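Asker: I'd like to ask you about the structure that follows.
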Amino acid sequence: MALADLRPHFRPTILLAYPVVLSQLGHVMVNVVDSVVVGHTGTVPLAAVSLGVSVVTVLMVLGLGLSMGITPLVAAADGQRDVPRIGQLLVGGVLQCAAAGLLLTAAGWALVPLLRYLNQPPAVVALAAPWIRVMLLSLIPLMVFQGFRQFAEGLGLTRQAMQLSILANVVNAVLCYALVYGKLGAPHLGMMGAAWATLTARALMALLMATYVLRAPRLQPYRDAIGRWRLDAPTQRRLLDLGLPIGAQMVFEVGAFSVSAIMAGWLGATVQAAHQIAINVASVTYMAASGISTAATIRVGRQRGLGDAAGARRAGFAAYVLTFGFMASMGLLLVLGRHFIPQLYNTDPAVVAQAATLLLIAALFQVSDGLQVVGLGALRGLEDVKIPSLVALLAYWVLALPLSYALGFGLGWGAGGVWLGLLAGLSAVALVLLRRFERETHGPGLPGPEQLNETAG
């Protein structure tokens with residue numbers, strides 16, 4: 001496909017993507033701020049945050065993935081101007097997300113006692129357990145926020161979530177600094193202060209996003225179409241049909257990175273702290289690609305709702321081109337800043353040196369990571385979610401993790417070997433999804449939901 005064919009899609013994709021990028025960064029910046037602030041209290045607390053993040057993030061992304069089924073359905077209904085359907089999706093999406101937040105929190109609390117069986121340094125586990133429990137509570141307001149946010153984004157309203165995420169991150173940063181160090185008249189809570197700051201900030205996000213969706217005049221037609229807030233069984237099933245495979249795919253990916261953090265813990269607190277720094281930095285650039293991915297979901301979904309196969313194809317490939325350019329640039333930036341960036345988190349020379357090595361590998365997988373997430377976004381716009389989930393399972397758990405263990409421990413390459421295995425998995429997913437999107441959008445028509453379900457089966 002010629003670049004000239006894609007050029008008209010660049011501007012609308014960027015206009016949709018940049019608010020989502022900033023909003024998505026809100027999720028990861030919580031961990032960045034926690035890691036930076038806690039990292040300067042010592043290597044063991046930073047390692048504890050690494051372990052805690054690896055546990056909480058798996059449950060969080062399952063919830064985030066579940067909520068992402070809302071966006072393509074709303075986008076397709078918007079393309080068809082089906083106002084009653086959009087109202088049903090608002091009710092079903094928010095209630096389903098709230099229930100998911102409660103279930104994920106309960107499941108996480110039940111899993112905390114199992115930390116001692118992960119063969120991590122005892123001092124790290126002792127600090128991580130209470131931190132994890134408070135962070136799990138923050139999943140409840142986060143999921144309520146997601147329900148309202150994904151609904152709004154399906155209508156192309158991406159700036160509101162961005163603005164609220166920025167506000168919440170400012171609140172989190174100030175509270176984190178005050179509570180961790182006992183500043184500004186706050187109690188000195190150490191690393192636990194970071195968890196309480198996150199819970200407060202996420203509660204604020206949920207309250208403000210709900211207020212916007214339930215009060216904004218421009219959304220009045222959809223609220224009028226609701227009637228009573230009650231569950232609609234077909235709508236809930238369709239949301240689960242899309243959301244669960246997306247959540248599973250995200251768990252397969254993030255779970256692989258969480259296992260890599262546990263592997264890093266087997267190498268000691270210093271390596272685990274370095275791993276947390278490198279994964280934190282890589283996750284910032286990943287969220288930018290994830291924002292473009294969401295824009296691809298919205299634009300491809302709308303074109304699908306209109307029955308425009310050529311438009312959907314061009315919208316998807318425009319997102320691919322934008323992501324490639326951005327992530328290649330970020331890879332170069334990581335190479336140039338690999339010795340300076342770790343010092344923002346921790347000044348231990350051993351931690352900084354190990355993190356610099358890992359950032360070199362992170363620079364290599366920037367492009368693969370970006371292309372695989374934008375491929376997932378484009379395919380979600382086609383409501384194609386089951387096969388991508390299977391691809392993720394095979395690439396991360398059959399290819400990447402065994403290779404990470406073989407390189408890191410079998411060949412003795414340490415954390416670098418673990419990360420090279422992850423690079424292989426990301427690259428495999430990126431290539432397979434690119435080929436699938438090209439195939440699914442080839443020809444005059446787009447596959448309908450029934451055809452995609454048959455293919456996935």
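Every chain in the structure tokens has a letter given in the order shown (A, B, ...), and although residue numbers restart at 1 in each chain, ligands are simply numbered from 1 in the order shown.
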List the spatial neighbours of segment 404-412 of chain A as a list in words - criterion: any atom at most 12 Å away, only C-alpha atoms, same-chain residues fewer than 4 positions off excluded.
Answerer: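 With the cut-off at 12 Å, the set is Ala256, Phe257, Val259, Ser260, Ala261, Ile262, Met263, Ala264, Trp266, Leu267, Tyr396, Trp397, Val398, Leu399, Ala400, Gly416, Gly417, Val418, Trp419, Leu420, Gly421, Leu422, Leu423, Ala424 and Gly425 of chain A.
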Asker: Give me, as a PDB file with all heavy atoms, in the first residue's frame, all polymer residues having an atom no more than 10 Å from Pro221 of chain A, counting only C-alpha atoms and skipping those fewer than 4 positions away in the same chain.
Answerer:
ATOM      1  N   VAL A  83     -28.340   4.686  18.522  1.00  0.00           N
ATOM      2  CA  VAL A  83     -28.307   5.318  19.843  1.00  0.00           C
ATOM      3  C   VAL A  83     -28.759   4.371  20.950  1.00  0.00           C
ATOM      4  O   VAL A  83     -28.111   4.301  22.010  1.00  0.00           O
ATOM      5  CB  VAL A  83     -29.145   6.613  19.831  1.00  0.00           C
ATOM      6  CG1 VAL A  83     -29.253   7.202  21.247  1.00  0.00           C
ATOM      7  CG2 VAL A  83     -28.499   7.639  18.905  1.00  0.00           C
ATOM      8  N   PRO A  84     -29.867   3.628  20.802  1.00  0.00           N
ATOM      9  CA  PRO A  84     -30.270   2.701  21.874  1.00  0.00           C
ATOM     10  C   PRO A  84     -29.187   1.665  22.190  1.00  0.00           C
ATOM     11  O   PRO A  84     -28.975   1.323  23.363  1.00  0.00           O
ATOM     12  CB  PRO A  84     -31.527   2.030  21.306  1.00  0.00           C
ATOM     13  CG  PRO A  84     -32.074   3.028  20.328  1.00  0.00           C
ATOM     14  CD  PRO A  84     -30.871   3.661  19.712  1.00  0.00           C
ATOM     15  N   ILE A  86     -25.961   2.044  21.889  1.00  0.00           N
ATOM     16  CA  ILE A  86     -24.885   2.724  22.627  1.00  0.00           C
ATOM     17  C   ILE A  86     -25.271   2.888  24.093  1.00  0.00           C
ATOM     18  O   ILE A  86     -24.448   2.710  24.995  1.00  0.00           O
ATOM     19  CB  ILE A  86     -24.572   4.084  21.972  1.00  0.00           C
ATOM     20  CG1 ILE A  86     -23.984   3.860  20.561  1.00  0.00           C
ATOM     21  CG2 ILE A  86     -23.590   4.892  22.821  1.00  0.00           C
ATOM     22  CD1 ILE A  86     -23.814   5.131  19.765  1.00  0.00           C
ATOM     23  N   GLY A  87     -26.554   3.197  24.361  1.00  0.00           N
ATOM     24  CA  GLY A  87     -27.019   3.291  25.746  1.00  0.00           C
ATOM     25  C   GLY A  87     -26.899   1.974  26.481  1.00  0.00           C
ATOM     26  O   GLY A  87     -26.481   1.930  27.647  1.00  0.00           O
ATOM     27  N   PRO A 217     -23.770  17.361  28.533  1.00  0.00           N
ATOM     28  CA  PRO A 217     -24.925  17.554  27.647  1.00  0.00           C
ATOM     29  C   PRO A 217     -24.809  16.780  26.332  1.00  0.00           C
ATOM     30  O   PRO A 217     -25.814  16.267  25.822  1.00  0.00           O
ATOM     31  CB  PRO A 217     -24.926  19.070  27.397  1.00  0.00           C
ATOM     32  CG  PRO A 217     -24.247  19.649  28.607  1.00  0.00           C
ATOM     33  CD  PRO A 217     -23.191  18.644  28.964  1.00  0.00           C
ATOM     34  N   ALA A 225     -31.631   7.144  26.223  1.00  0.00           N
ATOM     35  CA  ALA A 225     -31.970   5.854  25.622  1.00  0.00           C
ATOM     36  C   ALA A 225     -31.871   4.695  26.612  1.00  0.00           C
ATOM     37  O   ALA A 225     -32.296   3.583  26.310  1.00  0.00           O
ATOM     38  CB  ALA A 225     -31.054   5.583  24.427  1.00  0.00           C
ATOM     39  N   ILE A 226     -31.335   4.973  27.798  1.00  0.00           N
ATOM     40  CA  ILE A 226     -31.087   3.898  28.754  1.00  0.00           C
ATOM     41  C   ILE A 226     -32.362   3.444  29.464  1.00  0.00           C
ATOM     42  O   ILE A 226     -32.654   2.255  29.556  1.00  0.00           O
ATOM     43  CB  ILE A 226     -30.039   4.339  29.803  1.00  0.00           C
ATOM     44  CG1 ILE A 226     -28.671   4.476  29.139  1.00  0.00           C
ATOM     45  CG2 ILE A 226     -29.981   3.322  30.942  1.00  0.00           C
ATOM     46  CD1 ILE A 226     -27.620   5.089  30.054  1.00  0.00           C
TER      47      ILE A 226
END
Asker: Would you kindly return, as a PDB file with all heavy atoms, in the first residue's frame, each protein, DNA or RNA residue with an atom no farther than 12 Å from any atom of His339 of chain A, considering only C-alpha atoms and excluding same-chain residues fewer than 2 positions away?
Answerer:
ATOM      1  N   ALA A 274      17.220  -3.415  39.037  1.00  0.00           N
ATOM      2  CA  ALA A 274      17.589  -2.979  37.688  1.00  0.00           C
ATOM      3  C   ALA A 274      16.501  -3.343  36.679  1.00  0.00           C
ATOM      4  O   ALA A 274      16.173  -2.565  35.772  1.00  0.00           O
ATOM      5  CB  ALA A 274      18.916  -3.604  37.283  1.00  0.00           C
ATOM      6  N   ILE A 277      13.667  -0.859  36.889  1.00  0.00           N
ATOM      7  CA  ILE A 277      13.984   0.407  36.217  1.00  0.00           C
ATOM      8  C   ILE A 277      13.785   0.267  34.712  1.00  0.00           C
ATOM      9  O   ILE A 277      13.119   1.094  34.067  1.00  0.00           O
ATOM     10  CB  ILE A 277      15.426   0.831  36.530  1.00  0.00           C
ATOM     11  CG1 ILE A 277      15.562   1.203  38.006  1.00  0.00           C
ATOM     12  CG2 ILE A 277      15.851   2.009  35.637  1.00  0.00           C
ATOM     13  CD1 ILE A 277      16.995   1.421  38.465  1.00  0.00           C
ATOM     14  N   ALA A 278      14.367  -0.772  34.129  1.00  0.00           N
ATOM     15  CA  ALA A 278      14.307  -0.940  32.681  1.00  0.00           C
ATOM     16  C   ALA A 278      12.884  -1.174  32.197  1.00  0.00           C
ATOM     17  O   ALA A 278      12.458  -0.622  31.174  1.00  0.00           O
ATOM     18  CB  ALA A 278      15.213  -2.095  32.257  1.00  0.00           C
ATOM     19  N   LEU A 333      16.602   6.767  21.450  1.00  0.00           N
ATOM     20  CA  LEU A 333      16.696   7.574  22.676  1.00  0.00           C
ATOM     21  C   LEU A 333      17.148   6.728  23.864  1.00  0.00           C
ATOM     22  O   LEU A 333      17.957   7.177  24.693  1.00  0.00           O
ATOM     23  CB  LEU A 333      15.345   8.223  22.958  1.00  0.00           C
ATOM     24  CG  LEU A 333      15.291   9.230  24.111  1.00  0.00           C
ATOM     25  CD1 LEU A 333      16.192  10.416  23.829  1.00  0.00           C
ATOM     26  CD2 LEU A 333      13.848   9.694  24.333  1.00  0.00           C
ATOM     27  N   LEU A 334      16.652   5.500  23.953  1.00  0.00           N
ATOM     28  CA  LEU A 334      17.063   4.622  25.052  1.00  0.00           C
ATOM     29  C   LEU A 334      18.538   4.258  24.950  1.00  0.00           C
ATOM     30  O   LEU A 334      19.231   4.154  25.964  1.00  0.00           O
ATOM     31  CB  LEU A 334      16.216   3.349  25.061  1.00  0.00           C
ATOM     32  CG  LEU A 334      14.741   3.487  25.440  1.00  0.00           C
ATOM     33  CD1 LEU A 334      14.110   2.109  25.607  1.00  0.00           C
ATOM     34  CD2 LEU A 334      14.570   4.282  26.728  1.00  0.00           C
ATOM     35  N   VAL A 335      19.019   4.051  23.746  1.00  0.00           N
ATOM     36  CA  VAL A 335      20.442   3.753  23.565  1.00  0.00           C
ATOM     37  C   VAL A 335      21.292   4.918  24.054  1.00  0.00           C
ATOM     38  O   VAL A 335      22.275   4.739  24.795  1.00  0.00           O
ATOM     39  CB  VAL A 335      20.747   3.443  22.087  1.00  0.00           C
ATOM     40  CG1 VAL A 335      22.257   3.350  21.866  1.00  0.00           C
ATOM     41  CG2 VAL A 335      20.084   2.137  21.670  1.00  0.00           C
ATOM     42  N   LEU A 336      20.910   6.117  23.679  1.00  0.00           N
ATOM     43  CA  LEU A 336      21.696   7.299  24.047  1.00  0.00           C
ATOM     44  C   LEU A 336      21.614   7.618  25.545  1.00  0.00           C
ATOM     45  O   LEU A 336      22.575   8.118  26.129  1.00  0.00           O
ATOM     46  CB  LEU A 336      21.219   8.512  23.232  1.00  0.00           C
ATOM     47  CG  LEU A 336      21.417   8.415  21.713  1.00  0.00           C
ATOM     48  CD1 LEU A 336      20.817   9.641  21.015  1.00  0.00           C
ATOM     49  CD2 LEU A 336      22.897   8.285  21.359  1.00  0.00           C
ATOM     50  N   GLY A 337      20.458   7.309  26.166  1.00  0.00           N
ATOM     51  CA  GLY A 337      20.284   7.687  27.562  1.00  0.00           C
ATOM     52  C   GLY A 337      20.392   6.545  28.548  1.00  0.00           C
ATOM     53  O   GLY A 337      20.016   6.692  29.712  1.00  0.00           O
ATOM     54  N   ILE A 341      19.461   7.561  32.451  1.00  0.00           N
ATOM     55  CA  ILE A 341      18.082   7.304  32.899  1.00  0.00           C
ATOM     56  C   ILE A 341      18.021   6.510  34.200  1.00  0.00           C
ATOM     57  O   ILE A 341      17.255   6.865  35.109  1.00  0.00           O
ATOM     58  CB  ILE A 341      17.282   6.609  31.782  1.00  0.00           C
ATOM     59  CG1 ILE A 341      17.113   7.555  30.589  1.00  0.00           C
ATOM     60  CG2 ILE A 341      15.915   6.173  32.297  1.00  0.00           C
ATOM     61  CD1 ILE A 341      16.503   6.904  29.363  1.00  0.00           C
ATOM     62  N   PRO A 342      18.802   5.421  34.374  1.00  0.00           N
ATOM     63  CA  PRO A 342      18.699   4.653  35.627  1.00  0.00           C
ATOM     64  C   PRO A 342      19.019   5.461  36.879  1.00  0.00           C
ATOM     65  O   PRO A 342      18.501   5.164  37.961  1.00  0.00           O
ATOM     66  CB  PRO A 342      19.724   3.521  35.429  1.00  0.00           C
ATOM     67  CG  PRO A 342      19.818   3.361  33.949  1.00  0.00           C
ATOM     68  CD  PRO A 342      19.682   4.748  33.403  1.00  0.00           C
ATOM     69  N   GLN A 343      19.843   6.500  36.741  1.00  0.00           N
ATOM     70  CA  GLN A 343      20.210   7.295  37.913  1.00  0.00           C
ATOM     71  C   GLN A 343      19.043   8.123  38.446  1.00  0.00           C
ATOM     72  O   GLN A 343      19.097   8.606  39.578  1.00  0.00           O
ATOM     73  CB  GLN A 343      21.374   8.208  37.559  1.00  0.00           C
ATOM     74  CG  GLN A 343      22.648   7.442  37.200  1.00  0.00           C
ATOM     75  CD  GLN A 343      23.802   8.353  36.860  1.00  0.00           C
ATOM     76  OE1 GLN A 343      24.142   9.262  37.618  1.00  0.00           O
ATOM     77  NE2 GLN A 343      24.434   8.120  35.715  1.00  0.00           N
ATOM     78  N   LEU A 344      17.986   8.273  37.635  1.00  0.00           N
ATOM     79  CA  LEU A 344      16.793   8.953  38.121  1.00  0.00           C
ATOM     80  C   LEU A 344      16.068   8.104  39.157  1.00  0.00           C
ATOM     81  O   LEU A 344      15.299   8.620  39.962  1.00  0.00           O
ATOM     82  CB  LEU A 344      15.851   9.267  36.956  1.00  0.00           C
ATOM     83  CG  LEU A 344      16.405  10.189  35.856  1.00  0.00           C
ATOM     84  CD1 LEU A 344      15.401  10.303  34.716  1.00  0.00           C
ATOM     85  CD2 LEU A 344      16.745  11.567  36.424  1.00  0.00           C
ATOM     86  N   TYR A 345      16.300   6.791  39.123  1.00  0.00           N
ATOM     87  CA  TYR A 345      15.631   5.859  40.023  1.00  0.00           C
ATOM     88  C   TYR A 345      16.487   5.476  41.222  1.00  0.00           C
ATOM     89  O   TYR A 345      15.977   5.334  42.331  1.00  0.00           O
ATOM     90  CB  TYR A 345      15.283   4.566  39.269  1.00  0.00           C
ATOM     91  CG  TYR A 345      14.238   4.687  38.204  1.00  0.00           C
ATOM     92  CD1 TYR A 345      14.541   5.211  36.951  1.00  0.00           C
ATOM     93  CD2 TYR A 345      12.938   4.240  38.416  1.00  0.00           C
ATOM     94  CE1 TYR A 345      13.578   5.297  35.948  1.00  0.00           C
ATOM     95  CE2 TYR A 345      11.968   4.317  37.432  1.00  0.00           C
ATOM     96  CZ  TYR A 345      12.303   4.856  36.202  1.00  0.00           C
ATOM     97  OH  TYR A 345      11.350   4.948  35.217  1.00  0.00           O
ATOM     98  N   ASN A 346      17.766   5.258  40.979  1.00  0.00           N
ATOM     99  CA  ASN A 346      18.639   4.693  42.019  1.00  0.00           C
ATOM    100  C   ASN A 346      20.078   5.044  41.677  1.00  0.00           C
ATOM    101  O   ASN A 346      20.455   5.073  40.501  1.00  0.00           O
ATOM    102  CB  ASN A 346      18.444   3.171  42.082  1.00  0.00           C
ATOM    103  CG  ASN A 346      19.094   2.545  43.300  1.00  0.00           C
ATOM    104  OD1 ASN A 346      20.286   2.264  43.317  1.00  0.00           O
ATOM    105  ND2 ASN A 346      18.292   2.303  44.339  1.00  0.00           N
ATOM    106  N   THR A 347      20.874   5.295  42.693  1.00  0.00           N
ATOM    107  CA  THR A 347      22.258   5.698  42.454  1.00  0.00           C
ATOM    108  C   THR A 347      23.267   4.597  42.758  1.00  0.00           C
ATOM    109  O   THR A 347      24.473   4.826  42.669  1.00  0.00           O
ATOM    110  CB  THR A 347      22.609   6.949  43.287  1.00  0.00           C
ATOM    111  OG1 THR A 347      22.329   6.683  44.672  1.00  0.00           O
ATOM    112  CG2 THR A 347      21.792   8.146  42.834  1.00  0.00           C
ATOM    113  N   PRO A 349      25.758   2.014  41.963  1.00  0.00           N
ATOM    114  CA  PRO A 349      26.467   1.775  40.691  1.00  0.00           C
ATOM    115  C   PRO A 349      26.154   0.420  40.064  1.00  0.00           C
ATOM    116  O   PRO A 349      26.045   0.304  38.835  1.00  0.00           O
ATOM    117  CB  PRO A 349      27.944   1.866  41.088  1.00  0.00           C
ATOM    118  CG  PRO A 349      27.956   2.714  42.319  1.00  0.00           C
ATOM    119  CD  PRO A 349      26.687   2.383  43.041  1.00  0.00           C
ATOM    120  N   ALA A 350      25.978  -0.616  40.895  1.00  0.00           N
ATOM    121  CA  ALA A 350      25.688  -1.944  40.356  1.00  0.00           C
ATOM    122  C   ALA A 350      24.306  -1.981  39.707  1.00  0.00           C
ATOM    123  O   ALA A 350      24.109  -2.593  38.645  1.00  0.00           O
ATOM    124  CB  ALA A 350      25.779  -2.988  41.472  1.00  0.00           C
ATOM    125  N   VAL A 351      23.339  -1.328  40.334  1.00  0.00           N
ATOM    126  CA  VAL A 351      21.989  -1.270  39.780  1.00  0.00           C
ATOM    127  C   VAL A 351      21.979  -0.493  38.478  1.00  0.00           C
ATOM    128  O   VAL A 351      21.374  -0.908  37.472  1.00  0.00           O
ATOM    129  CB  VAL A 351      21.010  -0.633  40.794  1.00  0.00           C
ATOM    130  CG1 VAL A 351      19.639  -0.410  40.152  1.00  0.00           C
ATOM    131  CG2 VAL A 351      20.882  -1.510  42.029  1.00  0.00           C
ATOM    132  N   VAL A 352      22.664   0.644  38.458  1.00  0.00           N
ATOM    133  CA  VAL A 352      22.711   1.492  37.266  1.00  0.00           C
ATOM    134  C   VAL A 352      23.364   0.757  36.092  1.00  0.00           C
ATOM    135  O   VAL A 352      22.868   0.800  34.954  1.00  0.00           O
ATOM    136  CB  VAL A 352      23.463   2.807  37.567  1.00  0.00           C
ATOM    137  CG1 VAL A 352      23.720   3.596  36.282  1.00  0.00           C
ATOM    138  CG2 VAL A 352      22.674   3.660  38.560  1.00  0.00           C
ATOM    139  N   ALA A 353      24.458   0.055  36.353  1.00  0.00           N
ATOM    140  CA  ALA A 353      25.154  -0.664  35.287  1.00  0.00           C
ATOM    141  C   ALA A 353      24.293  -1.778  34.695  1.00  0.00           C
ATOM    142  O   ALA A 353      24.222  -1.956  33.474  1.00  0.00           O
ATOM    143  CB  ALA A 353      26.469  -1.240  35.820  1.00  0.00           C
ATOM    144  N   GLN A 354      23.623  -2.538  35.567  1.00  0.00           N
ATOM    145  CA  GLN A 354      22.762  -3.617  35.085  1.00  0.00           C
ATOM    146  C   GLN A 354      21.573  -3.056  34.302  1.00  0.00           C
ATOM    147  O   GLN A 354      21.179  -3.582  33.259  1.00  0.00           O
ATOM    148  CB  GLN A 354      22.262  -4.435  36.267  1.00  0.00           C
ATOM    149  CG  GLN A 354      21.336  -5.582  35.889  1.00  0.00           C
ATOM    150  CD  GLN A 354      22.030  -6.702  35.123  1.00  0.00           C
ATOM    151  OE1 GLN A 354      22.790  -7.477  35.694  1.00  0.00           O
ATOM    152  NE2 GLN A 354      21.793  -6.777  33.831  1.00  0.00           N
ATOM    153  N   ALA A 355      20.985  -1.981  34.807  1.00  0.00           N
ATOM    154  CA  ALA A 355      19.849  -1.364  34.117  1.00  0.00           C
ATOM    155  C   ALA A 355      20.254  -0.836  32.747  1.00  0.00           C
ATOM    156  O   ALA A 355      19.486  -0.929  31.775  1.00  0.00           O
ATOM    157  CB  ALA A 355      19.264  -0.244  34.966  1.00  0.00           C
ATOM    158  N   ALA A 356      21.468  -0.275  32.631  1.00  0.00           N
ATOM    159  CA  ALA A 356      21.937   0.235  31.338  1.00  0.00           C
ATOM    160  C   ALA A 356      22.020  -0.884  30.306  1.00  0.00           C
ATOM    161  O   ALA A 356      21.672  -0.700  29.125  1.00  0.00           O
ATOM    162  CB  ALA A 356      23.297   0.912  31.507  1.00  0.00           C
ATOM    163  N   THR A 357      22.459  -2.058  30.718  1.00  0.00           N
ATOM    164  CA  THR A 357      22.524  -3.209  29.813  1.00  0.00           C
ATOM    165  C   THR A 357      21.130  -3.629  29.359  1.00  0.00           C
ATOM    166  O   THR A 357      20.902  -3.903  28.172  1.00  0.00           O
ATOM    167  CB  THR A 357      23.217  -4.394  30.514  1.00  0.00           C
ATOM    168  OG1 THR A 357      24.545  -4.015  30.874  1.00  0.00           O
ATOM    169  CG2 THR A 357      23.263  -5.605  29.600  1.00  0.00           C
ATOM    170  N   LEU A 358      20.199  -3.667  30.288  1.00  0.00           N
ATOM    171  CA  LEU A 358      18.835  -4.062  29.945  1.00  0.00           C
ATOM    172  C   LEU A 358      18.164  -3.034  29.040  1.00  0.00           C
ATOM    173  O   LEU A 358      17.354  -3.387  28.172  1.00  0.00           O
ATOM    174  CB  LEU A 358      18.011  -4.263  31.216  1.00  0.00           C
ATOM    175  CG  LEU A 358      18.479  -5.385  32.144  1.00  0.00           C
ATOM    176  CD1 LEU A 358      17.548  -5.509  33.342  1.00  0.00           C
ATOM    177  CD2 LEU A 358      18.568  -6.715  31.405  1.00  0.00           C
ATOM    178  N   LEU A 359      18.490  -1.751  29.209  1.00  0.00           N
ATOM    179  CA  LEU A 359      17.903  -0.726  28.348  1.00  0.00           C
ATOM    180  C   LEU A 359      18.375  -0.863  26.905  1.00  0.00           C
ATOM    181  O   LEU A 359      17.653  -0.490  25.972  1.00  0.00           O
ATOM    182  CB  LEU A 359      18.232   0.669  28.883  1.00  0.00           C
ATOM    183  CG  LEU A 359      17.433   1.104  30.117  1.00  0.00           C
ATOM    184  CD1 LEU A 359      17.908   2.462  30.614  1.00  0.00           C
ATOM    185  CD2 LEU A 359      15.939   1.151  29.819  1.00  0.00           C
ATOM    186  N   LEU A 360      19.569  -1.398  26.708  1.00  0.00           N
ATOM    187  CA  LEU A 360      20.017  -1.663  25.336  1.00  0.00           C
ATOM    188  C   LEU A 360      19.106  -2.685  24.661  1.00  0.00           C
ATOM    189  O   LEU A 360      18.733  -2.535  23.489  1.00  0.00           O
ATOM    190  CB  LEU A 360      21.460  -2.189  25.348  1.00  0.00           C
ATOM    191  CG  LEU A 360      22.593  -1.178  25.252  1.00  0.00           C
ATOM    192  CD1 LEU A 360      23.935  -1.901  25.291  1.00  0.00           C
ATOM    193  CD2 LEU A 360      22.475  -0.349  23.983  1.00  0.00           C
TER     194      LEU A 360
END
Asker: Using 7 Å as the limit and counting only C-alpha atoms, can you tabulate each residue of segment 262-375 of chain A that touches segment 39-62 of chain A, with its shortest atom-to-atom distance in Å and the two atoms involved, as CSV?
Answerer:
residue,atom,partner,partner_atom,distance
A:Ala269,CA,A:Ala47,CA,5.7
A:Thr270,CA,A:Thr43,CA,6.7
A:Gln272,CA,A:Ala47,CA,5.5
A:Ala273,CA,A:Ala47,CA,4.7
A:Gln276,CA,A:Ser50,CA,5.3
A:Tyr345,CA,A:Gly39,CA,5.4
A:Asn346,CA,A:Gly39,CA,5.5
Asker: Pull C-alpha atoms from the residues just selected and write them as a PDB file, in the first residue's frame.
Answerer:
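Listing of out.pdb after writing:
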ATOM      1  CA  ALA A 269      17.703  -7.740  44.792  1.00  0.00           C
ATOM      2  CA  THR A 270      20.195  -5.717  42.716  1.00  0.00           C
ATOM      3  CA  GLN A 272      15.511  -7.195  40.375  1.00  0.00           C
ATOM      4  CA  ALA A 273      15.826  -3.455  41.046  1.00  0.00           C
ATOM      5  CA  GLN A 276      12.206  -2.701  37.525  1.00  0.00           C
ATOM      6  CA  TYR A 345      15.631   5.859  40.023  1.00  0.00           C
ATOM      7  CA  ASN A 346      18.639   4.693  42.019  1.00  0.00           C
TER       8      ASN A 346
END
Asker: Just the alpha helix (DSSP H) stuff from segment 94-340 of chain A, please, per backbone DSSP, written as number ranges by chain.
Answerer: A: 94-111, 122-137, 139-154, 159-181, 192-215, 220-224, 233-266, 269-306, 309-336
Asker: Please, what distance in Å, to one decimal, runs between atom CA of Ile70 of chain A and atom CA of Arg237 of chain A?
Answerer: 11.7 Å
Asker: If we count only C-alpha atoms, what is near Ala295 of chain A at a cut-off of 10 Å, once residues fewer than 4 positions away on the same chain are taken out, given as a PyMOL selection string?
Answerer: chain A and resi 12-21+153-154+156+158+289-291+299-301+315-316+319+374+377-378+381
Asker: Out of A:Ser283, A:Gln163, A:Ser368, A:Thr323, which residue has the shortest atom-to-atom distance to Leu426 of chain A when counting only C-alpha atoms?
Answerer: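 Counting only C-alpha atoms, the residue closest to Leu426 of chain A is A:Ser368.
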Asker: Tell me which of A:Val367, A:Ile298, A:Val94, A:Leu431 sits closest to Leu382 of chain A, counting only C-alpha atoms.
Answerer: A:Ile298
Asker: Pick from A:Phe151, A:Phe365, A:Trp131, A:Phe252: nearest to Ala194 of chain A, with only C-alpha atoms counted?
Answerer: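 Checking each candidate against Ala194 of chain A, we get A:Trp131 as the closest.
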